[in-house]
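**Q** Handing over protein_30.csv, CSV, C-alpha atoms.
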```csv
chain,number,residue,atom,x,y,z
X,1144,MET,CA,147.1,126.5,128.5
X,1145,ALA,CA,149.3,123.5,129.0
X,1146,ASP,CA,148.9,121.1,132.0
X,1147,PRO,CA,151.3,122.0,134.9
X,1148,ILE,CA,154.7,120.3,135.1
X,1149,ARG,CA,156.2,119.1,138.4
X,1150,VAL,CA,159.6,120.5,139.0
X,1151,LEU,CA,161.6,119.5,142.1
X,1152,VAL,CA,164.4,121.6,143.6
X,1153,THR,CA,166.4,119.9,146.4
X,1154,GLY,CA,168.3,121.9,149.0
X,1155,ALA,CA,165.4,124.3,148.5
X,1156,ALA,CA,166.0,126.3,151.7
X,1157,GLY,CA,169.6,127.1,150.6
X,1158,GLN,CA,171.0,130.2,148.9
X,1159,ILE,CA,171.2,128.9,145.3
X,1160,ALA,CA,167.6,127.8,145.4
X,1161,TYR,CA,166.6,131.2,146.8
X,1162,SER,CA,168.1,132.8,143.7
X,1163,LEU,CA,166.6,130.1,141.4
X,1164,LEU,CA,163.0,129.6,142.4
X,1165,TYR,CA,161.7,132.9,141.3
X,1166,SER,CA,163.1,132.4,137.7
X,1167,ILE,CA,161.5,129.0,137.5
X,1168,ALA,CA,158.1,130.2,138.9
X,1169,LYS,CA,157.8,133.2,136.6
X,1170,GLY,CA,158.5,131.3,133.4
X,1171,ASP,CA,162.1,132.1,132.6
X,1172,VAL,CA,163.1,128.4,132.4
X,1173,PHE,CA,160.2,126.2,131.1
X,1174,GLY,CA,158.3,128.8,129.1
X,1175,LYS,CA,156.0,131.8,129.6
X,1176,ASP,CA,152.9,129.6,129.0
X,1177,GLN,CA,153.9,126.6,131.1
X,1178,PRO,CA,152.2,126.3,134.5
X,1179,ILE,CA,154.4,125.0,137.3
X,1180,ILE,CA,154.0,122.9,140.4
X,1181,LEU,CA,157.2,123.5,142.5
X,1182,VAL,CA,158.2,120.8,144.8
X,1183,LEU,CA,160.8,121.9,147.4
X,1184,LEU,CA,162.8,119.3,149.3
X,1185,ASP,CA,165.1,119.8,152.2
X,1186,ILE,CA,166.2,118.2,155.4
X,1187,PRO,CA,164.0,118.4,158.5
X,1188,PRO,CA,165.9,121.1,160.3
X,1189,MET,CA,165.4,123.4,157.3
X,1190,LEU,CA,161.6,123.1,157.1
X,1191,PRO,CA,160.9,126.3,159.1
X,1192,VAL,CA,163.2,128.2,156.6
X,1193,LEU,CA,161.4,126.5,153.7
X,1194,ASP,CA,158.0,127.7,155.1
X,1195,GLY,CA,159.4,131.3,154.7
X,1196,VAL,CA,160.4,130.6,151.1
X,1197,VAL,CA,156.9,129.2,150.3
X,1198,MET,CA,155.4,132.4,151.8
X,1199,GLU,CA,157.6,134.5,149.6
X,1200,LEU,CA,156.7,132.5,146.4
X,1201,GLN,CA,153.0,132.9,147.3
X,1202,ASP,CA,153.5,136.7,147.8
X,1203,CYS,CA,155.1,137.1,144.4
X,1204,ALA,CA,151.6,136.4,143.0
X,1205,LEU,CA,153.0,134.6,139.9
X,1206,PRO,CA,150.3,133.5,137.4
X,1207,LEU,CA,152.2,130.3,136.3
X,1208,LEU,CA,152.8,129.0,139.8
X,1209,ARG,CA,149.9,126.7,140.5
X,1210,GLU,CA,151.2,125.0,143.7
X,1211,VAL,CA,154.2,124.9,146.0
X,1212,ILE,CA,154.9,121.7,148.0
X,1213,PRO,CA,157.5,121.9,150.7
X,1214,THR,CA,158.6,118.5,152.1
X,1215,ASP,CA,161.4,116.5,153.7
X,1216,LYS,CA,160.0,113.2,152.4
X,1217,VAL,CA,161.4,111.6,149.2
X,1218,GLU,CA,158.1,109.9,148.4
X,1219,VAL,CA,156.5,113.3,148.2
X,1220,GLY,CA,159.4,115.1,146.6
X,1221,PHE,CA,160.1,112.7,143.8
X,1222,LYS,CA,156.5,111.8,142.8
X,1223,ASP,CA,155.6,112.2,139.1
X,1224,LEU,CA,158.4,114.6,138.3
X,1225,ASP,CA,159.0,116.2,134.9
X,1226,ALA,CA,162.2,117.8,136.0
X,1227,ALA,CA,164.5,117.4,139.0
X,1228,ILE,CA,167.2,120.0,139.9
X,1229,LEU,CA,169.3,118.4,142.6
X,1230,VAL,CA,171.0,121.3,144.3
X,1231,GLY,CA,171.4,119.9,147.8
X,1232,SER,CA,174.5,118.0,148.8
X,1233,MET,CA,176.9,117.6,151.6
X,1234,PRO,CA,179.3,120.6,151.4
X,1235,ARG,CA,183.0,120.2,152.0
X,1236,LYS,CA,183.9,121.2,155.5
X,1237,GLU,CA,187.2,122.4,156.8
X,1238,GLY,CA,189.6,119.5,157.3
X,1239,MET,CA,187.4,117.1,155.3
X,1240,GLU,CA,189.2,114.9,152.8
X,1241,ARG,CA,187.7,114.5,149.3
X,1242,LYS,CA,187.0,110.8,149.9
X,1243,ASP,CA,185.0,111.7,153.0
X,1244,LEU,CA,183.0,114.2,150.9
X,1245,LEU,CA,182.5,111.5,148.3
X,1246,LYS,CA,181.3,109.0,150.9
X,1247,ALA,CA,178.7,111.4,152.3
X,1248,ASN,CA,177.4,112.3,148.9
X,1249,VAL,CA,177.3,108.8,147.6
X,1250,ALA,CA,174.7,108.0,150.3
X,1251,ILE,CA,172.7,111.1,149.4
X,1252,PHE,CA,172.6,110.5,145.7
X,1253,LYS,CA,172.1,106.8,146.0
X,1254,THR,CA,168.9,107.6,148.0
X,1255,GLN,CA,167.8,110.3,145.5
X,1256,GLY,CA,168.5,108.1,142.5
X,1257,ALA,CA,166.5,105.3,144.1
X,1258,ALA,CA,163.6,107.8,144.7
X,1259,LEU,CA,163.7,108.9,141.1
X,1260,GLU,CA,163.6,105.2,140.1
X,1261,LYS,CA,160.6,104.5,142.3
X,1262,TYR,CA,158.5,107.6,142.1
X,1263,ALA,CA,159.4,109.9,139.1
X,1264,LYS,CA,158.3,109.7,135.5
X,1265,LYS,CA,160.7,107.7,133.3
X,1266,THR,CA,160.9,110.8,131.1
X,1267,VAL,CA,162.2,113.0,134.0
X,1268,ARG,CA,165.1,115.3,133.2
X,1269,VAL,CA,167.6,115.4,136.0
X,1270,LEU,CA,170.2,118.1,136.6
X,1271,VAL,CA,172.7,117.5,139.4
X,1272,VAL,CA,174.2,120.7,140.8
X,1273,GLY,CA,175.5,119.6,144.3
X,1274,ASN,CA,179.2,118.9,144.3
X,1275,PRO,CA,181.1,116.8,143.4
X,1276,ALA,CA,178.5,117.2,140.6
X,1277,ASN,CA,179.8,114.9,137.9
X,1278,THR,CA,180.2,111.9,140.3
X,1279,ASN,CA,177.1,112.6,142.2
X,1280,CYS,CA,175.2,112.6,138.9
X,1281,LEU,CA,176.8,109.2,137.9
X,1282,ILE,CA,175.7,107.7,141.3
X,1283,ALA,CA,172.2,109.0,140.9
X,1284,SER,CA,172.0,107.6,137.4
X,1285,LYS,CA,173.3,104.2,138.5
X,1286,SER,CA,170.7,104.1,141.3
X,1287,ALA,CA,167.9,104.7,138.8
X,1288,PRO,CA,168.6,102.0,136.2
X,1289,SER,CA,165.2,102.2,134.4
X,1290,ILE,CA,165.6,106.0,133.6
X,1291,PRO,CA,167.7,106.5,130.5
X,1292,LYS,CA,171.3,107.7,131.2
X,1293,GLU,CA,170.7,110.5,128.7
X,1294,ASN,CA,168.1,111.9,131.1
X,1295,PHE,CA,170.9,112.8,133.6
X,1296,SER,CA,173.3,115.7,133.4
X,1297,CYS,CA,175.4,117.8,135.7
X,1298,LEU,CA,176.0,121.5,135.8
X,1299,THR,CA,179.0,122.9,134.0
X,1300,ARG,CA,177.1,125.8,132.4
X,1301,LEU,CA,178.3,128.1,135.2
X,1302,ASP,CA,181.9,127.4,134.1
X,1303,HIS,CA,180.8,127.8,130.4
X,1304,ASN,CA,179.3,131.2,131.3
X,1305,ARG,CA,182.4,132.2,133.2
X,1306,ALA,CA,184.6,131.4,130.2
X,1307,ARG,CA,182.3,133.2,127.8
X,1308,SER,CA,182.3,136.3,130.0
X,1309,GLN,CA,186.1,136.3,130.4
X,1310,VAL,CA,186.6,136.3,126.6
X,1311,ALA,CA,183.9,138.9,126.1
X,1312,MET,CA,185.4,141.3,128.6
X,1313,ARG,CA,188.8,140.8,127.1
X,1314,CYS,CA,187.5,141.7,123.6
X,1315,GLY,CA,185.2,144.5,124.8
X,1316,VAL,CA,182.1,142.9,123.5
X,1317,PRO,CA,178.8,141.7,125.1
X,1318,ALA,CA,178.8,138.1,126.4
X,1319,ASP,CA,176.3,137.0,123.7
X,1320,ALA,CA,178.9,138.0,121.1
X,1321,VAL,CA,181.0,135.0,122.2
X,1322,LYS,CA,179.8,131.5,121.2
X,1323,ASN,CA,181.1,127.9,121.3
X,1324,VAL,CA,183.4,128.0,124.2
X,1325,ILE,CA,183.8,124.5,125.7
X,1326,ILE,CA,184.2,123.2,129.3
X,1327,TRP,CA,185.7,119.7,129.1
X,1328,GLY,CA,185.6,117.3,132.0
X,1329,ASN,CA,185.0,117.7,135.7
X,1330,HIS,CA,183.3,120.6,137.5
X,1331,SER,CA,186.5,121.0,139.6
X,1332,SER,CA,189.8,122.9,139.3
X,1333,THR,CA,191.0,120.3,136.7
X,1334,GLN,CA,188.2,121.3,134.2
X,1335,TYR,CA,189.5,122.5,130.8
X,1336,PRO,CA,188.0,125.8,129.5
X,1337,ASP,CA,188.7,125.6,125.7
X,1338,VAL,CA,188.3,128.4,123.2
X,1339,HIS,CA,190.0,126.8,120.2
X,1340,HIS,CA,186.6,126.5,118.6
X,1341,ALA,CA,185.0,129.6,120.0
X,1342,MET,CA,183.9,132.5,117.8
X,1343,VAL,CA,183.6,136.2,118.7
X,1344,ASN,CA,181.4,138.7,116.9
X,1345,VAL,CA,183.5,141.8,116.5
X,1346,HIS,CA,181.8,144.7,114.7
X,1347,GLY,CA,179.4,142.4,113.0
X,1348,LYS,CA,182.0,139.9,111.8
X,1349,GLU,CA,182.7,136.5,113.4
X,1350,VAL,CA,186.3,135.8,114.1
X,1351,LYS,CA,188.1,133.0,115.9
X,1352,ALA,CA,188.6,133.7,119.6
X,1353,TYR,CA,192.3,133.4,119.4
X,1354,ASP,CA,192.3,136.1,116.6
X,1355,ALA,CA,189.9,138.3,118.5
X,1356,VAL,CA,191.8,138.1,121.8
X,1357,LYS,CA,195.3,138.4,120.2
X,1358,ASP,CA,197.0,137.1,123.4
X,1359,ASP,CA,197.8,133.3,123.2
X,1360,SER,CA,199.7,133.3,126.5
X,1361,TRP,CA,196.6,134.7,128.3
X,1362,LEU,CA,194.3,132.2,126.7
X,1363,LYS,CA,196.6,129.3,127.6
X,1364,GLY,CA,197.4,130.6,131.1
X,1365,ASP,CA,195.5,133.1,133.2
X,1366,PHE,CA,192.2,132.6,131.3
X,1367,ILE,CA,192.2,128.9,132.1
X,1368,SER,CA,193.1,129.3,135.8
X,1369,THR,CA,190.7,132.2,136.3
X,1370,VAL,CA,187.8,130.0,135.1
X,1371,GLN,CA,189.0,126.9,137.0
X,1372,LEU,CA,189.4,128.9,140.3
X,1373,ARG,CA,186.5,131.3,139.9
X,1374,GLY,CA,184.3,129.6,142.5
X,1375,ALA,CA,187.0,129.8,145.1
X,1376,ALA,CA,187.6,133.5,144.2
X,1377,VAL,CA,183.9,134.2,144.8
X,1378,ILE,CA,183.9,132.5,148.2
X,1379,LYS,CA,187.0,134.4,149.2
X,1380,ALA,CA,185.3,137.7,148.3
X,1381,ARG,CA,181.7,137.0,149.4
X,1382,LYS,CA,182.5,134.6,152.2
X,1383,LEU,CA,179.7,132.6,150.5
X,1384,SER,CA,179.6,130.4,147.4
X,1385,SER,CA,178.3,131.5,144.0
X,1386,ALA,CA,174.5,131.7,144.2
X,1387,MET,CA,173.2,134.3,141.7
X,1388,SER,CA,175.5,133.1,138.9
X,1389,ALA,CA,174.8,129.4,139.8
X,1390,ALA,CA,171.1,130.0,139.6
X,1391,LYS,CA,171.4,131.8,136.3
X,1392,ALA,CA,173.5,128.8,134.9
X,1393,ILE,CA,170.9,126.3,136.1
X,1394,SER,CA,168.2,128.3,134.4
X,1395,ASP,CA,170.2,128.5,131.2
X,1396,HIS,CA,171.0,124.7,131.3
X,1397,MET,CA,167.4,123.7,131.8
X,1398,ARG,CA,166.0,126.1,129.3
X,1399,ASP,CA,168.3,124.9,126.6
X,1400,TRP,CA,167.5,121.3,127.5
X,1401,TRP,CA,163.8,122.1,127.2
X,1402,PHE,CA,163.9,124.3,124.1
X,1403,GLY,CA,167.1,123.4,122.3
X,1404,THR,CA,170.3,125.2,121.3
X,1405,LEU,CA,170.6,127.6,118.5
X,1406,ASP,CA,171.7,126.3,115.1
X,1407,GLY,CA,175.5,126.4,114.8
X,1408,GLU,CA,175.9,126.7,118.6
X,1409,PHE,CA,176.8,124.2,121.3
X,1410,MET,CA,176.8,124.5,125.0
X,1411,SER,CA,178.7,122.7,127.8
X,1412,MET,CA,176.9,120.0,129.8
X,1413,GLY,CA,178.2,117.2,132.0
X,1414,VAL,CA,176.7,114.1,130.3
X,1415,TYR,CA,177.2,110.4,130.1
X,1416,ALA,CA,180.3,109.7,128.1
X,1417,GLY,CA,179.2,106.5,126.4
X,1418,GLY,CA,179.9,106.4,122.7
X,1419,ASN,CA,181.9,109.7,122.6
X,1420,SER,CA,184.4,110.3,119.8
X,1421,TYR,CA,187.0,112.1,122.0
X,1422,GLY,CA,188.6,109.1,123.6
X,1423,ILE,CA,187.1,109.8,127.0
X,1424,PRO,CA,186.5,106.7,129.2
X,1425,GLU,CA,182.8,105.8,128.7
X,1426,ASP,CA,181.4,105.2,132.2
X,1427,LEU,CA,181.8,108.8,133.4
X,1428,ILE,CA,179.7,112.0,133.5
X,1429,TYR,CA,182.0,114.3,131.6
X,1430,SER,CA,181.5,117.8,130.3
X,1431,PHE,CA,181.3,118.0,126.5
X,1432,PRO,CA,180.1,120.4,123.9
X,1433,VAL,CA,176.5,119.4,123.1
X,1434,HIS,CA,173.7,120.5,120.9
X,1435,ILE,CA,170.1,119.9,121.9
X,1436,LYS,CA,166.9,119.3,120.0
X,1437,ASN,CA,163.5,117.9,121.2
X,1438,LYS,CA,164.8,117.7,124.7
X,1439,SER,CA,167.7,115.3,123.6
X,1440,TRP,CA,171.3,116.3,123.7
X,1441,ASN,CA,174.0,115.0,121.4
X,1442,ILE,CA,177.8,115.4,121.9
X,1443,HIS,CA,179.2,117.7,119.1
X,1444,ASP,CA,181.5,115.3,117.4
X,1445,GLY,CA,184.5,115.8,115.1
X,1446,LEU,CA,186.2,118.9,116.6
X,1447,PRO,CA,190.0,118.7,116.1
X,1448,VAL,CA,191.9,118.3,119.4
X,1449,ASN,CA,195.5,119.6,119.5
X,1450,ASP,CA,198.2,118.2,121.9
X,1451,PHE,CA,197.7,121.1,124.4
X,1452,SER,CA,193.9,120.3,124.6
X,1453,ARG,CA,194.4,116.5,124.7
X,1454,ALA,CA,196.7,116.7,127.8
X,1455,LYS,CA,194.1,118.8,129.7
X,1456,MET,CA,191.1,116.7,128.6
X,1457,ASP,CA,192.9,113.6,129.7
X,1458,ALA,CA,194.0,115.0,133.1
X,1459,THR,CA,190.4,116.0,134.1
X,1460,ALA,CA,189.2,112.5,132.8
X,1461,ALA,CA,191.8,110.9,135.1
X,1462,GLU,CA,190.5,112.8,138.1
X,1463,LEU,CA,186.9,111.7,137.2
X,1464,VAL,CA,188.0,108.0,136.9
X,1465,GLU,CA,189.6,108.2,140.4
X,1466,GLU,CA,186.4,109.9,141.8
X,1467,ARG,CA,184.2,107.3,140.2
X,1468,ASP,CA,186.2,104.3,141.5
X,1469,THR,CA,186.2,105.7,145.0
X,1470,ALA,CA,182.5,106.4,144.9
X,1471,LEU,CA,181.7,103.0,143.5
X,1472,SER,CA,183.6,101.4,146.3
X,1473,PHE,CA,181.3,103.2,148.7
X,1474,LEU,CA,178.2,102.4,146.7
X,1475,SER,CA,178.9,98.6,147.0
X,1476,GLN,CA,179.4,98.8,150.8
```
Kindly present the structure from the file in structure tokens form.

**A**
Amino acid sequence: MADPIRVLVTGAAGQIAYSLLYSIAKGDVFGKDQPIILVLLDIPPMLPVLDGVVMELQDCALPLLREVIPTDKVEVGFKDLDAAILVGSMPRKEGMERKDLLKANVAIFKTQGAALEKYAKKTVRVLVVGNPANTNCLIASKSAPSIPKENFSCLTRLDHNRARSQVAMRCGVPADAVKNVIIWGNHSSTQYPDVHHAMVNVHGKEVKAYDAVKDDSWLKGDFISTVQLRGAAVIKARKLSSAMSAAKAISDHMRDWWFGTLDGEFMSMGVYAGGNSYGIPEDLIYSFPVHIKNKSWNIHDGLPVNDFSRAKMDATAAELVEERDTALSFLSQ
């Protein structure tokens, strides 16, 4: 059997982690023959809760789980990591302006990026989940200059899964009958869920999503706003943010990063925009369609972009440029 890999989850006493840790520990993410050392990082007031999570993981009696390390210290949490899933962040509180949220998170992700730089393996794969995820990811990457930019990504797979599911339900097919939806841009309400290149398997035949749905006004209207605002809708209904679906998306994202995407399919990931062919400003973490092989992603180039898509792709890029510039002003303070 392989040597254990070290996987860090931050915000490990929170509800997303509670839905995520079992999937990682039982082999759904990194493979059924891959032993795991789980490192669980949270802030000091959450350590008693973390102890309960550790007990539960032990009580699952999972054969792949070799060790669980709860900690509030970055030098313990970030040591020798193979994968880091950064879930913990400062949530937006009532009355808080976005710039205040950015300022708080710049401090967190500057610290975590510096800890990755100092303690983690240079081959570590880093997934940022905590919002604002794209900009937090950029700050972490800038704070860990010796780790390749390609090793950082942020989660837009939840939005991707939401878009896929909406199309599947509309067509009356299973979710896996829909492929190649795209989330462009920011994990925010400006994101652009795009199905111009998506295919739907209807009765064994692949057809374009627009032909399968047969409702252009829905695809250009309610479909987009439903995906953009889905997180807020879940909070309104549950009085809590998306946890089960976020954990599933994290698992999907990391499993694809580890094992690759299927031939002819691409997935959505927030990645460094350098060298992209879509005219997106380069110094951003922006969600693109990617395909993955040997733990390396590549942006899927060459897709035609119509005027409708162009306007939406540029609008979400503009929001990310503004976020980045605000965050960098805090980073330099």

**Q** Do you know which residues are at most 7 Å from segment 1351-1358 of chain X counting only C-alpha atoms, after dropping those on the same chain fewer than 3 positions away, and could you put them as a count of residues only?

**A** 8

**Q** Quick one, how far is atom CA of Ser1162 of chain X from atom CA of Lys1391 of chain X?

**A**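 Atom-to-atom, atom CA of Ser1162 of chain X and atom CA of Lys1391 of chain X are spaced 8.2 Å apart.
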
**Q** What's around Trp1401 of chain X at 7 Å? Count all atoms listed in the file, leave out sequence neighbours fewer than 4 positions away in its own chain, and write the answer as a ChimeraX atom specification.

**A** /X:1173,1397,1438

**Q** Any idea what's packed within 6 Å of Ser1430 of chain X, counting all atoms listed in the file, ignoring anything in its chain fewer than 4 positions away? Could you give it as number ranges by chain?

**A** X: 1327-1328, 1412-1413

**Q** Please list as a PyMOL selection string every residue within 12 Å of segment 1205-1208 of chain X, counting all atoms listed in the file and excluding residues in the same chain fewer than 3 positions away.

**A** chain X and resi 1144-1150+1164-1182+1197+1199-1202+1211-1212

**Q** Could you pull the residues within 12 Å of Gly1403 of chain X, counting all atoms listed in the file, minus those fewer than 6 positions along the same chain, as a list in words?

**A**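 Result of the neighbour search: Val1172, Phe1173, Asp1395, His1396, Met1397, Phe1409, Met1410, Val1433, His1434, Ile1435, Lys1436, Asn1437, Lys1438, Ser1439, Trp1440 and Asn1441 of chain X.
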
**Q** Can you write out the residues you just picked, keeping C-alpha atoms, as an mmCIF file, in the frame of the given file?

**A**
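Written output follows (again_32.cif):
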```cif
data_model
loop_
_atom_site.group_PDB
_atom_site.id
_atom_site.type_symbol
_atom_site.label_atom_id
_atom_site.label_comp_id
_atom_site.auth_asym_id
_atom_site.auth_seq_id
_atom_site.Cartn_x
_atom_site.Cartn_y
_atom_site.Cartn_z
ATOM 1 C CA VAL X 1172 163.100 128.400 132.400
ATOM 2 C CA PHE X 1173 160.200 126.200 131.100
ATOM 3 C CA ASP X 1395 170.200 128.500 131.200
ATOM 4 C CA HIS X 1396 171.000 124.700 131.300
ATOM 5 C CA MET X 1397 167.400 123.700 131.800
ATOM 6 C CA PHE X 1409 176.800 124.200 121.300
ATOM 7 C CA MET X 1410 176.800 124.500 125.000
ATOM 8 C CA VAL X 1433 176.500 119.400 123.100
ATOM 9 C CA HIS X 1434 173.700 120.500 120.900
ATOM 10 C CA ILE X 1435 170.100 119.900 121.900
ATOM 11 C CA LYS X 1436 166.900 119.300 120.000
ATOM 12 C CA ASN X 1437 163.500 117.900 121.200
ATOM 13 C CA LYS X 1438 164.800 117.700 124.700
ATOM 14 C CA SER X 1439 167.700 115.300 123.600
ATOM 15 C CA TRP X 1440 171.300 116.300 123.700
ATOM 16 C CA ASN X 1441 174.000 115.000 121.400
#
```

**Q** Nearest to Met1233 of chain X: which of X:Asp1359, X:Gly1154, X:Arg1453, X:Gly1445 is it, counting only C-alpha atoms?

**A**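 So, comparing all the options, the nearest one is X:Gly1154.
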
**Q** Please report the interatomic distance between atom CA of Phe1451 of chain X and atom CA of Thr1333 of chain X in Å with one decimal.

**A** 14.0 Å

**Q** Which residue, X:Asn1449, X:Thr1278, X:Ser1368, X:Thr1404, has the smallest gap to Tyr1421 of chain X when you use all atoms listed in the file?

**A**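 Looking only at the distances to Tyr1421 of chain X, the closest residue turns out to be X:Asn1449.
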
**Q** Could you check the closest approach to Ile1367 of chain X for each of X:Lys1285, X:Arg1381, X:Lys1292, X:His1303 and tell me which residue wins, using all atoms listed in the file?

**A** X:His1303

**Q** From the options X:Thr1153, X:Lys1236, X:Asp1337, X:Cys1203, which residue's atoms come nearest to Phe1252 of chain X, counting all atoms listed in the file?

**A** X:Thr1153

**Q** Which of these, X:Ala1390, X:Cys1280, X:Val1377, X:Ala1470, has the shortest distance to Tyr1415 of chain X once you count only C-alpha atoms?

**A**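 Comparing X:Ala1390, X:Cys1280, X:Val1377, X:Ala1470 against Tyr1415 of chain X, the winner is X:Cys1280.
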
**Q** Let me make sure I understand: among X:Gly1374, X:Pro1187, X:Ile1282, X:Trp1400, which one has the smallest atom-to-atom distance to Ala1386 of chain X if we use only C-alpha atoms?

**A**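 Nearest to Ala1386 of chain X: X:Gly1374.
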
**Q** Atom CA of Gly1157 of chain X and atom CA of Met1198 of chain X, how far apart in Å?

**A**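 These atoms are spaced 15.2 Å apart.
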